[in-house]
Every structure is written in structure tokens, then in C-alpha cells.
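*Asks:* Structure file model_28.txt (compact mmCIF, C-alpha atoms and all ligand atoms) right here:
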```txt
# COMPACT_ATOMS: atom_id res chain seq x y z
CA MET A 29 65.46 118.97 117.13
CA THR A 30 67.45 121.05 114.63
CA ALA A 31 70.01 119.34 112.41
CA PRO A 32 73.57 119.67 113.79
CA ARG A 33 76.00 121.92 111.90
CA ILE A 34 79.41 120.33 111.44
CA VAL A 35 82.45 121.68 109.60
CA VAL A 36 85.27 119.33 108.57
CA VAL A 37 88.54 121.17 107.90
CA GLY A 38 90.82 119.22 105.55
CA GLY A 39 89.66 117.38 102.44
CA GLY A 40 92.29 114.63 102.46
CA ILE A 41 91.35 110.96 102.64
CA LEU A 42 90.69 111.29 106.35
CA GLY A 43 88.49 114.42 106.19
CA CYS A 44 86.53 112.97 103.23
CA THR A 45 86.02 109.61 104.98
CA ILE A 46 84.90 111.34 108.18
CA ALA A 47 82.42 113.46 106.19
CA ALA A 48 81.06 110.37 104.41
CA ARG A 49 80.73 108.34 107.62
CA LEU A 50 79.17 111.25 109.46
CA LEU A 51 76.38 111.50 106.88
CA GLU A 52 75.92 107.70 107.05
CA ARG A 53 75.40 108.06 110.80
CA GLU A 54 73.40 111.34 110.73
CA PRO A 55 71.96 112.09 107.28
CA ARG A 56 70.30 115.29 108.59
CA ALA A 57 73.64 116.88 109.55
CA ARG A 58 74.37 120.19 107.83
CA LEU A 59 77.93 119.58 106.76
CA THR A 60 80.63 121.75 105.20
CA LEU A 61 83.97 120.32 104.09
CA VAL A 62 86.70 122.95 103.67
CA ASP A 63 90.10 122.56 102.04
CA ARG A 64 92.53 125.34 101.36
CA GLY A 65 93.76 123.51 98.26
CA LEU A 66 92.03 120.90 96.13
CA VAL A 67 90.42 117.83 97.68
CA GLY A 68 92.87 114.94 98.00
CA ALA A 69 95.90 117.04 97.00
CA GLY A 70 97.76 116.95 100.38
CA ALA A 71 99.52 113.85 101.73
CA SER A 72 96.73 111.77 100.19
CA MET A 73 97.92 112.62 96.68
CA TYR A 74 101.35 111.13 97.44
CA SER A 75 100.05 108.03 99.21
CA ALA A 76 101.01 104.60 97.90
CA GLY A 77 97.53 103.57 99.02
CA VAL A 78 98.51 100.12 100.23
CA HIS A 79 96.16 98.44 102.67
CA PHE A 80 97.43 95.48 104.68
CA PRO A 81 96.36 94.00 108.03
CA VAL A 82 99.22 95.08 110.28
CA GLY A 83 99.42 96.89 113.61
CA ARG A 84 101.90 97.23 116.45
CA SER A 85 99.14 97.67 119.05
CA GLU A 86 95.77 96.05 119.59
CA ARG A 87 93.97 99.33 118.79
CA VAL A 88 95.78 99.74 115.45
CA ARG A 89 95.04 96.10 114.54
CA GLN A 90 91.36 96.73 115.31
CA LEU A 91 91.35 99.95 113.27
CA SER A 92 93.00 98.09 110.42
CA ALA A 93 90.44 95.24 110.57
CA ALA A 94 87.50 97.66 110.77
CA SER A 95 88.92 99.59 107.79
CA ALA A 96 89.43 96.37 105.79
CA ASP A 97 85.73 95.52 106.30
CA TYR A 98 84.65 99.00 105.26
CA TYR A 99 86.80 98.95 102.12
CA GLN A 100 85.59 95.47 101.21
CA THR A 101 81.97 96.64 101.33
CA LEU A 102 82.83 99.83 99.40
CA ARG A 103 84.56 97.83 96.65
CA ALA A 104 81.67 95.37 96.41
CA ARG A 105 79.12 98.20 96.10
CA HIS A 106 81.18 100.36 93.77
CA PRO A 107 83.35 98.11 91.57
CA GLN A 108 84.38 101.14 89.48
CA LEU A 109 86.47 102.54 92.36
CA PRO A 110 90.27 102.64 91.78
CA MET A 111 90.94 99.85 94.31
CA TYR A 112 92.88 96.74 93.28
CA GLY A 113 93.27 93.51 95.24
CA PHE A 114 96.72 91.92 95.17
CA ASP A 115 98.70 89.11 96.80
CA PHE A 116 100.94 90.51 99.52
CA PHE A 117 103.55 88.46 101.40
CA VAL A 118 105.41 89.08 104.64
CA ALA A 119 109.12 88.27 104.54
CA ALA A 120 110.95 88.00 107.86
CA GLY A 121 113.71 86.08 109.57
CA ALA A 122 112.58 82.88 111.30
CA ALA A 123 113.65 84.40 114.66
CA ASP A 124 111.05 87.18 114.18
CA ALA A 125 108.21 84.78 113.35
CA GLU A 126 106.42 85.16 116.66
CA GLU A 127 106.44 88.96 116.56
CA VAL A 128 105.35 88.95 112.93
CA ARG A 129 102.38 86.72 113.73
CA ALA A 130 101.40 89.08 116.56
CA ARG A 131 101.58 92.18 114.34
CA CYS A 132 99.96 90.83 111.18
CA ALA A 133 96.44 89.42 111.34
CA GLY A 134 95.45 86.10 109.74
CA LEU A 135 98.82 85.14 108.21
CA LEU A 136 98.78 82.05 106.04
CA PRO A 137 101.94 79.88 105.82
CA LEU A 138 103.42 79.03 102.40
CA SER A 139 104.72 75.64 101.32
CA ALA A 140 108.37 75.38 100.20
CA GLU A 141 107.19 75.03 96.60
CA GLU A 142 105.01 78.18 96.86
CA LYS A 143 107.89 80.05 98.49
CA SER A 144 110.29 79.33 95.66
CA ARG A 145 107.62 80.24 93.09
CA VAL A 146 106.63 83.52 94.77
CA ALA A 147 110.05 84.87 95.70
CA PRO A 148 112.85 82.72 94.24
CA ASP A 149 115.49 85.38 95.00
CA LEU A 150 114.57 85.94 98.64
CA PRO A 151 117.77 85.86 100.72
CA ALA A 152 118.29 82.68 102.72
CA GLY A 153 116.92 82.63 106.26
CA ARG A 154 113.74 84.54 105.43
CA GLU A 155 110.32 83.02 106.04
CA LEU A 156 107.33 83.94 103.90
CA TRP A 157 103.62 84.24 104.77
CA ARG A 158 100.62 85.38 102.75
CA MET A 159 98.61 88.32 104.18
CA PRO A 160 94.86 88.17 103.56
CA ASP A 161 92.65 91.03 102.25
CA CYS A 162 95.28 93.38 100.82
CA HIS A 163 94.59 95.98 98.20
CA VAL A 164 96.06 99.13 96.73
CA THR A 165 94.12 102.31 95.90
CA ASP A 166 94.50 105.56 94.04
CA VAL A 167 93.94 107.51 97.28
CA GLN A 168 93.44 110.91 95.69
CA GLY A 169 90.95 109.29 93.27
CA LEU A 170 89.03 107.85 96.21
CA ALA A 171 89.01 111.21 98.05
CA LEU A 172 87.66 112.90 94.90
CA TRP A 173 84.98 110.21 94.59
CA TYR A 174 83.86 110.82 98.19
CA ALA A 175 83.81 114.59 97.56
CA GLN A 176 81.80 114.24 94.36
CA ARG A 177 79.13 112.25 96.22
CA LEU A 178 79.24 114.63 99.18
CA ARG A 179 78.32 117.58 96.98
CA ASP A 180 74.76 116.20 96.69
CA ARG A 181 74.26 116.41 100.44
CA ALA A 182 76.87 118.82 101.81
CA GLU A 183 78.83 121.92 100.92
CA VAL A 184 82.36 121.31 99.65
CA LEU A 185 84.63 124.38 99.59
CA GLU A 186 88.04 124.18 97.88
CA GLY A 187 90.74 126.82 97.67
CA VAL A 188 89.44 128.26 100.93
CA GLY A 189 91.51 128.03 104.11
CA ALA A 190 90.38 128.06 107.73
CA GLU A 191 91.98 131.20 109.19
CA ALA A 192 90.51 131.61 112.68
CA LEU A 193 88.68 129.43 115.18
CA ASP A 194 86.66 130.74 118.08
CA GLU A 195 85.13 128.18 120.42
CA SER A 196 82.47 128.99 123.02
CA ALA A 197 80.08 126.90 125.09
CA ASP A 198 77.44 127.39 122.35
CA GLY A 199 79.46 126.56 119.27
CA VAL A 200 82.46 127.37 117.09
CA ARG A 201 82.92 130.27 114.70
CA LEU A 202 85.27 129.56 111.85
CA THR A 203 86.64 132.35 109.68
CA LEU A 204 87.61 131.39 106.14
CA SER A 205 90.20 133.01 103.86
CA SER A 206 87.29 134.02 101.59
CA GLY A 207 86.04 136.28 104.40
CA ARG A 208 83.02 134.08 105.13
CA GLU A 209 82.23 133.08 108.71
CA LEU A 210 80.79 129.67 109.49
CA ALA A 211 78.92 128.92 112.71
CA ALA A 212 79.08 125.25 113.72
CA ASP A 213 78.03 123.02 116.58
CA ALA A 214 81.35 121.21 116.13
CA VAL A 215 84.45 121.49 113.96
CA VAL A 216 86.53 118.47 112.97
CA LEU A 217 90.16 119.25 112.21
CA ALA A 218 91.72 116.75 109.79
CA PRO A 219 94.70 118.76 108.56
CA GLY A 220 97.13 115.89 107.88
CA PRO A 221 100.73 117.11 108.13
CA TRP A 222 99.54 120.71 108.59
CA VAL A 223 98.77 119.66 112.18
CA ASN A 224 101.18 122.15 113.74
CA GLU A 225 100.42 125.03 111.37
CA GLY A 226 97.47 127.32 110.98
CA CYS A 227 94.95 128.75 113.42
CA TRP A 228 94.76 125.55 115.52
CA SER A 229 98.50 125.37 116.26
CA GLY A 230 98.02 126.63 119.85
CA LEU A 231 95.54 123.82 120.44
CA THR A 232 97.56 121.02 118.80
CA ALA A 233 100.92 122.02 120.32
CA GLY A 234 100.34 119.83 123.37
CA LEU A 235 99.71 116.69 121.30
CA GLY A 236 103.41 116.21 120.58
CA VAL A 237 102.72 115.34 116.93
CA ARG A 238 105.78 115.56 114.67
CA VAL A 239 105.97 115.64 110.90
CA LYS A 240 108.31 113.24 109.12
CA LYS A 241 109.42 113.17 105.52
CA VAL A 242 108.19 110.12 103.60
CA VAL A 243 110.05 108.92 100.50
CA ALA A 244 109.08 106.07 98.19
CA LEU A 245 110.90 104.95 95.07
CA HIS A 246 109.21 104.09 91.76
CA ILE A 247 110.40 100.99 89.96
CA GLN A 248 109.69 100.66 86.29
CA TRP A 249 108.71 97.01 86.23
CA PRO A 250 105.39 95.66 84.89
CA ALA A 251 102.82 95.84 87.70
CA GLU A 252 101.54 92.33 86.91
CA GLU A 253 104.98 90.68 87.38
CA GLY A 254 106.81 89.82 90.59
CA ALA A 255 105.73 89.44 94.21
CA ALA A 256 104.63 92.16 96.61
CA LEU A 257 106.62 91.87 99.84
CA PHE A 258 106.40 93.49 103.29
CA PHE A 259 109.57 93.49 105.43
CA PRO A 260 108.46 94.20 109.02
CA ALA A 261 111.97 94.38 110.48
CA GLU A 262 112.96 97.09 107.99
CA ASP A 263 109.48 98.70 107.93
CA ALA A 264 109.68 98.58 104.15
CA PHE A 265 107.48 97.21 101.39
CA LEU A 266 107.50 96.53 97.70
CA ALA A 267 104.08 96.78 96.03
CA PRO A 268 102.64 97.14 92.52
CA LEU A 269 100.58 100.23 91.63
CA PRO A 270 98.38 98.80 88.83
CA HIS A 271 96.67 102.15 88.17
CA ARG A 272 100.08 103.70 87.42
CA GLY A 273 101.77 100.71 85.78
CA HIS A 274 104.84 100.46 88.01
CA TRP A 275 106.09 99.17 91.38
CA LEU A 276 106.82 101.19 94.48
CA PHE A 277 109.40 100.62 97.20
CA SER A 278 108.59 102.29 100.50
CA TYR A 279 111.31 102.41 103.12
CA THR A 280 111.76 104.37 106.33
CA CYS A 281 113.20 107.85 105.98
CA GLN A 282 114.29 109.41 109.29
CA GLN A 283 114.05 113.11 108.44
CA TRP A 284 111.87 114.72 111.12
CA ASP A 285 110.23 118.10 111.73
CA VAL A 286 109.81 119.03 108.11
CA SER A 287 106.99 121.26 106.90
CA PRO A 288 104.50 120.24 104.19
CA GLU A 289 105.32 123.37 102.17
CA GLN A 290 109.04 122.48 102.22
CA CYS A 291 108.17 118.95 101.14
CA ARG A 292 106.04 120.18 98.22
CA GLN A 293 109.26 121.67 96.79
CA ALA A 294 111.37 118.61 97.61
CA ARG A 295 112.71 116.24 94.96
CA VAL A 296 114.04 112.71 95.40
CA GLU A 297 117.70 113.22 96.27
CA ALA A 298 120.68 111.16 95.11
CA ARG A 299 121.32 110.25 98.75
CA GLU A 300 117.77 108.88 99.09
CA ILE A 301 118.05 106.84 95.90
CA ALA A 302 121.34 105.40 97.19
CA GLU A 303 119.75 104.58 100.59
CA ALA A 304 116.74 102.91 98.99
CA ARG A 305 118.91 100.94 96.58
CA GLU A 306 120.99 99.74 99.49
CA ALA A 307 117.82 98.60 101.30
CA LEU A 308 116.52 96.96 98.11
CA LYS A 309 119.78 95.08 97.57
CA ASP A 310 119.05 93.12 100.72
CA VAL A 311 115.51 92.18 99.80
CA ALA A 312 115.04 92.31 96.01
CA PRO A 313 118.48 92.77 94.48
CA GLU A 314 117.27 92.46 90.86
CA LEU A 315 115.15 95.61 91.27
CA ALA A 316 117.74 97.87 92.92
CA SER A 317 119.14 99.32 89.69
CA LEU A 318 115.60 100.13 88.43
CA ALA A 319 114.80 102.43 91.36
CA GLY A 320 115.87 105.90 90.24
CA SER A 321 112.84 108.15 90.80
CA GLY A 322 109.86 108.38 93.11
CA ARG A 323 107.77 110.60 95.37
CA VAL A 324 108.52 112.76 98.39
CA PHE A 325 106.13 114.27 100.89
CA CYS A 326 105.47 113.94 104.62
CA ASP A 327 103.01 112.69 107.21
CA ALA A 328 102.10 113.39 110.84
CA TYR A 329 103.30 111.00 113.58
CA SER A 330 101.95 110.81 117.14
CA PRO A 331 104.18 110.02 120.16
CA SER A 332 102.35 106.69 120.72
CA ARG A 333 102.37 105.84 116.98
CA GLU A 334 98.61 105.40 117.23
CA PRO A 335 96.23 107.70 115.34
CA LEU A 336 94.63 110.48 117.38
CA ALA A 337 90.93 111.32 117.61
CA GLN A 338 90.40 113.67 120.53
CA TYR A 339 88.81 116.95 121.57
CA LEU A 340 90.94 120.06 121.93
CA GLY A 341 89.91 123.16 123.80
CA ARG A 342 87.44 123.57 126.65
CA HIS A 343 83.99 122.82 125.27
CA ARG A 344 84.26 119.49 123.38
CA ARG A 345 83.46 121.24 120.12
CA ILE A 346 86.81 121.07 118.30
CA LEU A 347 87.77 117.51 117.43
CA PHE A 348 91.26 116.76 116.13
CA VAL A 349 91.63 113.63 114.00
CA GLY A 350 94.90 112.55 112.41
CA ALA A 351 98.53 111.69 113.05
CA CYS A 352 98.08 108.33 111.36
CA ASN A 353 101.84 107.61 111.25
CA GLY A 354 102.20 106.82 107.55
CA SER A 355 99.04 104.66 107.55
CA GLY A 356 96.32 107.27 107.00
CA TYR A 357 94.81 105.47 104.04
CA ARG A 358 94.66 102.00 105.49
CA LEU A 359 93.26 103.18 108.84
CA ALA A 360 90.96 105.99 107.61
CA PRO A 361 87.56 104.22 107.87
CA GLY A 362 88.32 102.93 111.37
CA VAL A 363 89.61 106.30 112.61
CA ALA A 364 86.64 108.06 110.99
CA ALA A 365 84.26 105.73 112.86
CA GLU A 366 85.99 106.70 116.13
CA ALA A 367 85.61 110.40 115.24
CA VAL A 368 81.92 110.00 114.46
CA ALA A 369 81.37 108.15 117.75
CA LEU A 370 83.05 111.04 119.59
CA LEU A 371 80.77 113.52 117.80
CA ASN A 372 77.76 111.53 118.90
CA HIS A 373 76.77 113.96 121.67
CA THR A 374 76.73 116.86 119.17
CA LEU A 375 74.82 114.82 116.60
CA THR A 376 72.16 113.70 119.06
CA LYS A 377 71.91 117.09 120.82
CA GLY A 378 71.43 118.93 117.51
C1 LIG B 1 104.92 108.89 99.94
C2 LIG B 1 103.82 108.42 100.87
C3 LIG B 1 103.38 107.11 100.80
C4 LIG B 1 102.35 106.68 101.65
N1 LIG B 1 101.89 105.40 101.54
C5 LIG B 1 100.86 104.98 102.32
C6 LIG B 1 100.31 103.67 102.17
O1 LIG B 1 100.74 102.88 101.34
N2 LIG B 1 99.27 103.31 102.98
C7 LIG B 1 98.74 104.17 103.92
O2 LIG B 1 97.81 103.79 104.63
N3 LIG B 1 99.26 105.42 104.08
C8 LIG B 1 100.28 105.84 103.30
N4 LIG B 1 100.78 107.10 103.46
C9 LIG B 1 100.22 107.96 104.51
C10 LIG B 1 98.89 108.58 104.03
O3 LIG B 1 99.02 109.03 102.72
C11 LIG B 1 98.52 109.74 104.95
O4 LIG B 1 98.51 109.28 106.30
C12 LIG B 1 97.13 110.27 104.60
O5 LIG B 1 97.07 110.64 103.25
C13 LIG B 1 96.81 111.47 105.47
O6 LIG B 1 95.52 111.90 105.10
P1 LIG B 1 94.90 113.19 105.75
O7 LIG B 1 93.54 113.37 105.17
O8 LIG B 1 95.04 113.12 107.22
O9 LIG B 1 95.91 114.37 105.28
P2 LIG B 1 96.03 115.19 103.84
O10 LIG B 1 95.74 114.26 102.73
O11 LIG B 1 97.30 115.88 103.91
O12 LIG B 1 94.81 116.16 103.98
C14 LIG B 1 94.86 117.30 104.82
C15 LIG B 1 94.19 118.43 104.07
O13 LIG B 1 94.07 119.54 104.96
C16 LIG B 1 94.12 120.70 104.16
N5 LIG B 1 94.44 121.87 105.01
C17 LIG B 1 95.58 122.15 105.66
N6 LIG B 1 95.49 123.34 106.27
C18 LIG B 1 94.25 123.83 106.00
C19 LIG B 1 93.55 125.03 106.37
N7 LIG B 1 94.10 125.99 107.12
N8 LIG B 1 92.28 125.18 105.91
C20 LIG B 1 91.68 124.24 105.15
N9 LIG B 1 92.30 123.10 104.77
C21 LIG B 1 93.57 122.88 105.20
C22 LIG B 1 95.23 120.40 103.15
O14 LIG B 1 95.11 121.22 102.00
C23 LIG B 1 95.00 118.91 102.88
O15 LIG B 1 94.26 118.68 101.68
C24 LIG B 1 101.79 107.56 102.61
C25 LIG B 1 102.25 108.89 102.67
C26 LIG B 1 103.23 109.32 101.80
C27 LIG B 1 103.67 110.76 101.87
```
When written as C-alpha cells, how does the structure in this file appear?
Ligand SMILES: Cc1cc2nc3c(=O)[nH]c(=O)nc-3n(C[C@H](O)[C@H](O)[C@H](O)COP(=O)(O)OP(=O)(O)OC[C@H]3O[C@@H](n4cnc5c(N)ncnc54)[C@H](O)[C@@H]3O)c2cc1C

*Replies:*
Amino acid sequence: MTAPRIVVVGGGILGCTIAARLLEREPRARLTLVDRGLVGAGASMYSAGVHFPVGRSERVRQLSAASADYYQTLRARHPQLPMYGFDFFVAAGAADAEEVRARCAGLLPLSAEEKSRVAPDLPAGRELWRMPDCHVTDVQGLALWYAQRLRDRAEVLEGVGAEALDESADGVRLTLSSGRELAADAVVLAPGPWVNEGCWSGLTAGLGVRVKKVVALHIQWPAEEGAALFFPAEDAFLAPLPHRGHWLFSYTCQQWDVSPEQCRQARVEAREIAEAREALKDVAPELASLAGSGRVFCDAYSPSREPLAQYLGRHRRILFVGACNGSGYRLAPGVAAEAVALLNHTLTKG
């Protein structure tokens, strides 16, 4: 049996996690990871990196739980990784309690005394629960760590784009911007928000994936003070970023069908600051005036709002993985495990 040849296109958190999990499953695989920029410098660079056990569907809750286990083991084995545990609380109206319990795994109730200590300014009528096993990560840092380790066992190519894909019953030929051609038994596409661009666009068009702008505000407030809160009704959260020394407020921006290149040029607009401040006024009024800057990029969203891991094309040799709907960090290990399971036939055939 010869070792299978696999190419992963896209060195974001998802592509790097897939590459790492693939070598865990099949150490003999001959693997190449290709990114047209630098590893971790796409959506992953902008990620808030918050992991919390939430999911609207059973599959997403399972992916979240599987990812939490993976990250817990990773942190225990490699305590130097830029991953920081923190207390995270769900704040929701009492009428939403049932739905909140269904969406968030393992919620722990808080006593009245704990509630007033954790969030004394929470508007009346909101209930508070503690979410277990939450952490925040420097996502680009983690992607770079994966890539550094991969270089011992695989080829990592940066600054080299995938320009053409040619699938046949025997394999896939991938042409790179450097002029090199790679022959692979299977190609994994993990292009993040570049899902509808590039040489695979004819194959991904039918997936119905759309790209949405994502905006998060930075709040200059000591990371060790205050309470991290998730507001499920508003799909917003307030979390500390200890590795950067500030807080971040993530809220839902409804600007659709943007391109990643457009978003690279984008700046936080006055309108977005006003919107975020308005949202903050309802949930943490004392922080609203401190939110005046932040980060803007985009992410890929699937029609079902569940991540995708599926073959494209005729020969089950081009696997698309992505469209993680603004949760690509917290679901990456679970989605990567699904991708590796799908590649199983290629890995065992090798
Ligand atoms: C502001 C913001 C905050 C976020 N906060 C969170 C959070 O708190 N928690 C969470 O779980 N998620 C969060 N997300 C979402 C998360 O960051 C993304 O879902 C995740 O980073 C996507 O990872 P990826 O590897 O799929 O994509 P990317 O990181 O974008 O990686 C794709 C890579 O593909 C490469 N590529 C593209 N075209 C080609 C080509 N032709 N050839 C070779 N390479 C190519 C790109 O250069 C890029 O590096 C946030 C996103 C944003 C924008």
C-alpha cells in the first residue's frame, strides 16, 4: 500500500486543524498544505477566538462538544498555547429560558447573590447562567503553531495560490500560482470566505454559501475586570481577550454578499460604532462609550447554518469543508474530524 497523497488548500484554522487531525489518523499520508497568503492570515486572523458550548441544532451542539474535548486535551498537553479559560455567562429573558437551555449545553444556575456580584448592572428581567468549559484563543497564533509542527511531517506552502483543479477517476491535479503541479489522491478545500472565488467556484456555486461581513468592537477595559456575557436573543457577546488586554463586543452585522478582498480594505464605520453602542446600551451600558474601534472582516454562511463537509465533483476526490457561520474556531476540531472520516476511503485505499 502506498501512502495517500492529500493536498489541503487554505491554511486558516480549519485547514490547519484538518491537516493536523489527518496526520493523527494517518501518519503515513503525504500531505501538502497550500495558502495563497500567510498561514492564519484570513478570517482566522480576525477571529475573536471565543469557544462556548452553544448550538442551534443537535449536530452543531455535538461538533461544539467534540471540539471542546479536543481543545481541552490540546491545552493540557501544550500549556504554552495562547488559550485562556474564562467564566462566561448567558444572559436572557426568563421567557427564553427553555430555548436557552436547549441551545447551551450544561448550563449552571446562579444564586441571586452570585447574579448581583457577576453582573450588577444587568437590566431587570434577565436571567443569568454560567456556561462550562469556555475559553478564548489567539486563533492566528494557534494556526501558526499547527503549521510549525506540520512542517516536520508535511509540506507547507505559503504565498502560493491554487489556480486550477482537474479531477479524474484516478486523482486530482492541482496547478499552483508558482507554476508547480501537484498530483493528489484527494484535495481538501478549506478556503474560508473565499468559498465562491477561485478555481473551485463552479463546484461550490451549488452549495448556496453566502459571505457576510462580521464586525466586532474593541473596548479598552482591563481584561481581568467585569463579566463575560452571551446574549442569545441578540446573538451578541462581550468577552475579554487577555492576550490583547482588552474586551470585545461581537454583535450581528447584516451586510451580506461581501468579498474578502473588499473586507480587507474595510474600516469600522461610524454607523457600525453607533449600532454597536446602541446594542451595548441595552446590555452593558457602562461600556457603550468605550467602544470606538474594532475589527472588520467576513465569514462564510451555509443555508442551513450548519458547517459543510462534503464532496464536490464526480469522483469523491475534492472535499469542501467550511461555511462555519461565524463559529469556525469553536467548531474546527469537530468539523475536521468529520472531514477526516469522509477521507477515510482515500486514506485506506492509498
Ligand atoms: C471579526 C470576527 C470574529 C469572529 N469571532 C469568532 C469567535 O469568537 N469564535 C469562533 O468560533 N469564530 C469566530 N469567527 C469566525 C472564524 O474566525 C472563522 O469561521 C474561521 O476563522 C474560518 O476559518 P477558515 O480556516 O475556514 O478560513 P480562513 O481563516 O479565512 O482561511 C482560509 C484560507 O484560505 C486561503 N485561500 C483562499 N483562496 C486560496 C487559493 N486560491 N489558494 C490557496 N489558498 C487560498 C486564504 O488565504 C486563507 O488563509 C469570527 C470571525 C470574524 C471575522

*Asks:* Determine, counting all atoms listed in the file, which protein, DNA and RNA residues have an atom within 12 Å of an atom of Ala171 (chain A); residues of the same chain fewer than 2 positions away are not included. Present the result as a PyMOL selection string.

*Replies:* chain A and resi 38-48+66-73+75+77+109-110+165-169+173-178+357+360

*Asks:* Taking only residues of region 315-352 of chain A that have an atom at most 9 Å from an atom of region 78-99 of chain A, what is each one's shortest atom pair and its distance in Å to one decimal, using all atoms listed in the file, in chain and number order, as a Markdown table?

*Replies:*
```
| residue | atom | partner | partner_atom | distance |
| --- | --- | --- | --- | --- |
| A:Arg333 | CA | A:Arg84 | CA | 8.6 |
| A:Glu334 | CA | A:Val88 | CA | 6.6 |
| A:Pro335 | CA | A:Val88 | CA | 8.0 |
```

*Asks:* Using Å and a single decimal, report how far CA of Leu245 (chain A) sits from CA of Ser321 (chain A).

*Replies:* 5.7 Å

*Asks:* Which is closest to Glu314 (chain A) among A:Gly356, A:Gly254, A:Gly134, A:Pro268, if we use all atoms listed in the file?

*Replies:*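 Between A:Gly356, A:Gly254, A:Gly134, A:Pro268, the residue approaching Glu314 (chain A) most closely is A:Gly254.
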
*Asks:* Would you mind reading off the distance between atom C16 of ligand LIG 1 (chain B) and CA of Arg64 (chain A), one decimal, in Å?

*Replies:*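 These two atoms are separated by 5.6 Å.
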
*Asks:* Let me have the centre and edge lengths of the axis-aligned box enclosing all listed atoms of ligand LIG 1 (chain B) with 4 Å padding on every side, in Å to one decimal, as JSON.

*Replies:*
```
{"center_x": 98.3, "center_y": 114.4, "center_z": 103.6, "size_x": 21.2, "size_y": 31.1, "size_z": 15.3}
```

*Asks:* If you measure from CA of Asn224 (chain A) to CA of Val188 (chain A), what distance in Å do you get, rounded to one decimal?

*Replies:* 18.4 Å

*Asks:* Counting all atoms listed in the file, which residues come within 12 Å of (112.0, 89.7, 109.3), with the point read in the file's coordinates, and could you list them as an NGL selection string?

*Replies:* :A and (117-129 or 131 or 150-157 or 257-265 or 310-311)

*Asks:* Can you work out which one of A:Pro32, A:Pro361, A:Gly220, A:Gly199 has the shortest atom-to-atom distance to ligand LIG 1 (chain B), counting all atoms listed in the file?

*Replies:*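 Of A:Pro32, A:Pro361, A:Gly220, A:Gly199, the one nearest ligand LIG 1 (chain B), counting all atoms listed in the file, is A:Gly220.
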
*Asks:* Find the residue from A:Arg345, A:His246, A:Arg272, A:Arg145 that sits nearest to ligand LIG 1 (chain B); use all atoms listed in the file when measuring.

*Replies:*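 Smallest distance to ligand LIG 1 (chain B) is found for A:His246.
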
*Asks:* Which polymer residues have any atom within 8 Å of an atom of Cys227 (chain A), counting all atoms listed in the file, with same-chain residues fewer than 5 positions away left out, as a count of residues only?

*Replies:* 4

*Asks:* Here is a test: counting all atoms listed in the file, which residue of A:Arg53, A:Arg358, A:His343, A:Arg238 is nearest to Gln100 (chain A)?

*Replies:*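 Among A:Arg53, A:Arg358, A:His343, A:Arg238, it is A:Arg358 that comes nearest to Gln100 (chain A).
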
*Asks:* Near region 277-282 of chain A, counting only C-alpha atoms, which residues have an atom at most 9 Å away, once you skip same-chain residues fewer than 2 positions from it, shown as a list in words?

*Replies:* Ala76, Lys240, Lys241, Val242, Val243, Ala244, Leu245, His246, Ile247, Glu262, Asp263, Ala264, Phe265, Leu266, Ala267, Pro268, Trp275, Trp284, Glu300, Ala304, Ala307, Leu308, Ala319 and Gly322 of chain A

*Asks:* Could you list, as a list of chain:residue names, every residue within 12 Å of region 250-253 of chain A, counting only C-alpha atoms and ignoring same-chain residues fewer than 6 positions away?

*Replies:*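 These residues fall inside the cut-off: A:Tyr112, A:Gly113, A:Phe114, A:Asp115, A:Val146, A:Ala147, A:Val164, A:Leu266, A:Ala267, A:Pro268, A:Leu269, A:Pro270, A:His271, A:Arg272, A:Gly273, A:His274, A:Trp275, A:Leu276, A:Leu315, A:Leu318.
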
*Asks:* Using all atoms listed in the file, which residue out of A:Tyr339, A:Phe325, A:Phe348, A:Trp249 lies closest to ligand LIG 1 (chain B)?

*Replies:* A:Phe325

*Asks:* Closest to Gln108 (chain A) among A:Leu170, A:Ala233, A:Leu375, A:Val324, using all atoms listed in the file?

*Replies:* A:Leu170

*Asks:* Name all residues at most 12 Å from Glu54 (chain A) (count all atoms listed in the file; drop same-chain ones fewer than 3 positions away) and give them as a PyMOL selection string.

*Replies:* chain A and resi 31-34+46-51+57-59+181+368-369+371-378

*Asks:* Taking (97.8, 121.0, 123.9) as a centre in this file's frame and 12 Å as the limit, can you find every polymer residue with an atom that close, using only C-alpha atoms, and give them as a list in words?

*Replies:*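 The answer, in the requested form, is Val223, Asn224, Trp228, Ser229, Gly230, Leu231, Thr232, Ala233, Gly234, Leu235, Gly236, Val237, Gln338, Tyr339, Leu340, Gly341, Arg342 and Phe348 of chain A.
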